[in-house]
Amino acid sequence: MNQKKMLNPYLESTRIEAGCDEVGRGCLCGPVVAAAVILPIDYANVFINDSKKLSKTNRIKLVEEIKSSAVSWAIAEASVEEIDKINILNASFLAMNRAIESLKVIPDHLLIDGNRFKTSLSIPFNCIVKGDGKFASIAAASILAKVYRDELMERMAERFPGYGWEKNAGYPTKAHREGILKLGLTPIHRKSFRQLPEQMRFAF
């Protein structure tokens, strides 16, 4: 096993760290989903990486590995209604806080993917840009969150066919926007988002 390919196991080895990440901020519909993961201090898995860099098959395989190996893990959502009420950034923070609060083990420190975070929790944290490609716990959280949300959107695609959610997970692809043009908005579309920018009329 090539150790050089493995992500950092921790920022500081003397404390319990939880990695946290969210998925779905850029989608036109569905909830934003976050996960928090505490990995054992000696955990090492060369396959753990930013979920966007992994195939769907590998992400799914890693979910059970992460859940069975983690000291604690949790997944949480912020709803479409909450997104529309408090905006997507604050809804992302809300989902992340919910995931952290749902951990069965209270971490000493948080490793947050991104450049900012807002919380009322007393747990100190570091924001790490592109952290899902740097720290194993954040990458593990990104994998859990993405697989959970992708599967949720696949189920939603069965209820609301014609938008391609089984493939695009609600992101603003051409197929998704063509579905909006033909079928209109569904109850799980984010009404506060610009669903059909003016330039889209020239994109088809």
# chains A, B, ... in the order shown; residues from 1 in each chain; ligands from 1
>>> residues_around(residues="stretch 36-45 of chain A", least_positions_apart="3", cutoff="6 Å", atoms="only C-alpha atoms", output="PyMOL selection string")
chain A and resi 18-20+48+70-74+99-100+137+141
>>> write_last_selection(atoms="N, CA and C atoms", output="compact mmCIF listing (two decimals), in the first residue's frame")
# COMPACT_ATOMS: atom_id res chain seq x y z
N ALA A 18 -13.46 15.37 14.49
CA ALA A 18 -14.55 14.97 13.60
C ALA A 18 -14.43 15.75 12.31
N GLY A 19 -14.41 15.05 11.20
CA GLY A 19 -14.45 15.70 9.89
C GLY A 19 -15.89 15.92 9.48
N CYS A 20 -16.16 17.04 8.83
CA CYS A 20 -17.53 17.36 8.43
C CYS A 20 -17.54 17.95 7.03
N ILE A 48 -9.82 5.99 0.69
CA ILE A 48 -10.60 7.12 1.17
C ILE A 48 -10.08 8.39 0.50
N ALA A 70 -15.68 3.64 11.79
CA ALA A 70 -15.70 4.93 12.47
C ALA A 70 -15.97 4.79 13.96
N VAL A 71 -15.38 5.66 14.74
CA VAL A 71 -15.71 5.78 16.16
C VAL A 71 -17.15 6.24 16.29
N SER A 72 -17.53 7.17 15.41
CA SER A 72 -18.91 7.65 15.35
C SER A 72 -19.11 8.33 14.00
N TRP A 73 -20.34 8.27 13.50
CA TRP A 73 -20.68 8.96 12.26
C TRP A 73 -22.15 9.38 12.32
N ALA A 74 -22.49 10.39 11.55
CA ALA A 74 -23.87 10.85 11.50
C ALA A 74 -24.12 11.60 10.19
N ALA A 99 -25.51 17.27 11.95
CA ALA A 99 -24.71 16.05 11.86
C ALA A 99 -23.75 15.95 13.04
N ILE A 100 -23.10 17.04 13.35
CA ILE A 100 -22.15 17.05 14.47
C ILE A 100 -22.85 16.74 15.79
N SER A 137 -10.95 12.09 7.57
CA SER A 137 -12.27 12.20 8.21
C SER A 137 -13.21 13.08 7.40
N ALA A 141 -16.62 11.83 5.46
CA ALA A 141 -17.89 12.53 5.59
C ALA A 141 -18.46 12.88 4.22
>>> residues_around(residues="stretch 153-160 of chain A", least_positions_apart="6", cutoff="8 Å", atoms="only C-alpha atoms", output="number ranges by chain")
A: 30, 166-167, 169-170, 186
>>> atom_distance(atom1="atom CA of A:Lys104", atom2="atom CA of A:Val32")
21.8 Å
>>> select_by_dssp(residues="stretch 22-192 of chain A", states="helix (DSSP H, G or I)", output="PyMOL selection string")
chain A and resi 51-53+56-69+80-86+88-101+131-133+136-159+165-168+174-183
>>> write_last_selection(atoms="C-alpha atoms", output="short mmCIF file (atom, residue, chain, number, x, y, z; two decimals), in the first residue's frame")
data_model
loop_
_atom_site.label_atom_id
_atom_site.label_comp_id
_atom_site.auth_asym_id
_atom_site.auth_seq_id
_atom_site.Cartn_x
_atom_site.Cartn_y
_atom_site.Cartn_z
CA SER A 51 -16.02 11.73 -3.00
CA LYS A 52 -15.97 13.66 -6.29
CA LYS A 53 -12.78 11.81 -7.26
CA LYS A 56 -20.09 5.66 -7.78
CA THR A 57 -19.26 1.99 -7.25
CA ASN A 58 -16.28 2.77 -5.05
CA ARG A 59 -18.21 5.34 -3.01
CA ILE A 60 -20.93 2.80 -2.28
CA LYS A 61 -18.37 0.16 -1.29
CA LEU A 62 -16.68 2.60 1.08
CA VAL A 63 -19.88 3.57 2.90
CA GLU A 64 -20.14 0.36 4.92
CA GLU A 65 -16.38 0.35 5.52
CA ILE A 66 -16.55 3.89 6.92
CA LYS A 67 -19.62 3.19 9.05
CA SER A 68 -18.17 -0.01 10.52
CA SER A 69 -14.72 1.49 11.17
CA VAL A 80 -35.84 22.68 0.85
CA GLU A 81 -38.12 24.83 3.00
CA GLU A 82 -35.22 25.71 5.28
CA ILE A 83 -33.00 26.49 2.30
CA ASP A 84 -35.61 28.88 0.91
CA LYS A 85 -36.11 30.50 4.31
CA ILE A 86 -32.54 31.03 5.52
CA ILE A 88 -28.34 27.84 1.07
CA LEU A 89 -25.20 28.87 2.95
CA ASN A 90 -26.94 29.01 6.32
CA ALA A 91 -28.84 25.82 5.51
CA SER A 92 -25.50 24.12 4.83
CA PHE A 93 -24.24 25.25 8.23
CA LEU A 94 -27.48 24.00 9.78
CA ALA A 95 -27.12 20.53 8.25
CA MET A 96 -23.48 20.34 9.36
CA ASN A 97 -24.37 21.36 12.90
CA ARG A 98 -27.13 18.75 12.99
CA ALA A 99 -24.71 16.05 11.86
CA ILE A 100 -22.15 17.05 14.47
CA GLU A 101 -24.78 17.13 17.23
CA GLY A 131 -10.32 19.53 3.06
CA ASP A 132 -12.02 16.50 1.52
CA GLY A 133 -8.84 15.97 -0.47
CA ALA A 136 -9.45 11.30 5.81
CA SER A 137 -12.27 12.20 8.21
CA ILE A 138 -13.53 14.99 5.95
CA ALA A 139 -13.27 12.74 2.89
CA ALA A 140 -15.18 10.01 4.74
CA ALA A 141 -17.89 12.53 5.59
CA SER A 142 -18.08 13.64 1.96
CA ILE A 143 -18.55 10.02 0.86
CA LEU A 144 -21.34 9.32 3.36
CA ALA A 145 -23.14 12.55 2.50
CA LYS A 146 -22.88 12.11 -1.26
CA VAL A 147 -24.02 8.49 -1.34
CA TYR A 148 -26.93 9.29 0.99
CA ARG A 149 -28.04 12.27 -1.09
CA ASP A 150 -27.57 10.55 -4.46
CA GLU A 151 -29.73 7.65 -3.31
CA LEU A 152 -32.35 10.06 -2.00
CA MET A 153 -32.48 11.85 -5.35
CA GLU A 154 -32.77 8.53 -7.18
CA ARG A 155 -35.87 7.81 -5.11
CA MET A 156 -37.19 11.29 -5.85
CA ALA A 157 -36.63 10.65 -9.57
CA GLU A 158 -39.12 7.80 -9.37
CA ARG A 159 -41.72 10.15 -7.87
CA TRP A 165 -32.29 13.28 -11.09
CA GLU A 166 -31.21 9.63 -11.16
CA LYS A 167 -28.16 10.87 -13.09
CA ASN A 168 -27.73 14.54 -12.15
CA LYS A 174 -29.21 20.59 -19.47
CA ALA A 175 -31.54 17.59 -18.95
CA HIS A 176 -32.70 18.94 -15.61
CA ARG A 177 -33.48 22.39 -16.99
CA GLU A 178 -35.20 20.94 -20.03
CA GLY A 179 -37.38 18.99 -17.59
CA ILE A 180 -38.24 22.22 -15.78
CA LEU A 181 -39.17 23.88 -19.09
CA LYS A 182 -41.43 20.98 -20.06
CA LEU A 183 -42.89 19.96 -16.70
#
>>> residues_around(residues="A:Glu17", least_positions_apart="6", cutoff="7 Å", atoms="only C-alpha atoms", output="PyMOL selection string")
chain A and resi 38+107-111
>>> atom_distance(atom1="atom CA of A:Ser192", atom2="atom CA of A:Asn115")
23.3 Å
>>> closest_residue(among="A:Val129, A:Leu185, A:Leu28, A:Ala76", to="A:Gly162", atoms="only C-alpha atoms")
A:Leu185
>>> select_by_dssp(residues="chain A", states="strand (DSSP E or B)", output="PyMOL selection string")
chain A and resi 8+17-23+29+32-38+72-78+109-113+125-128+135+189
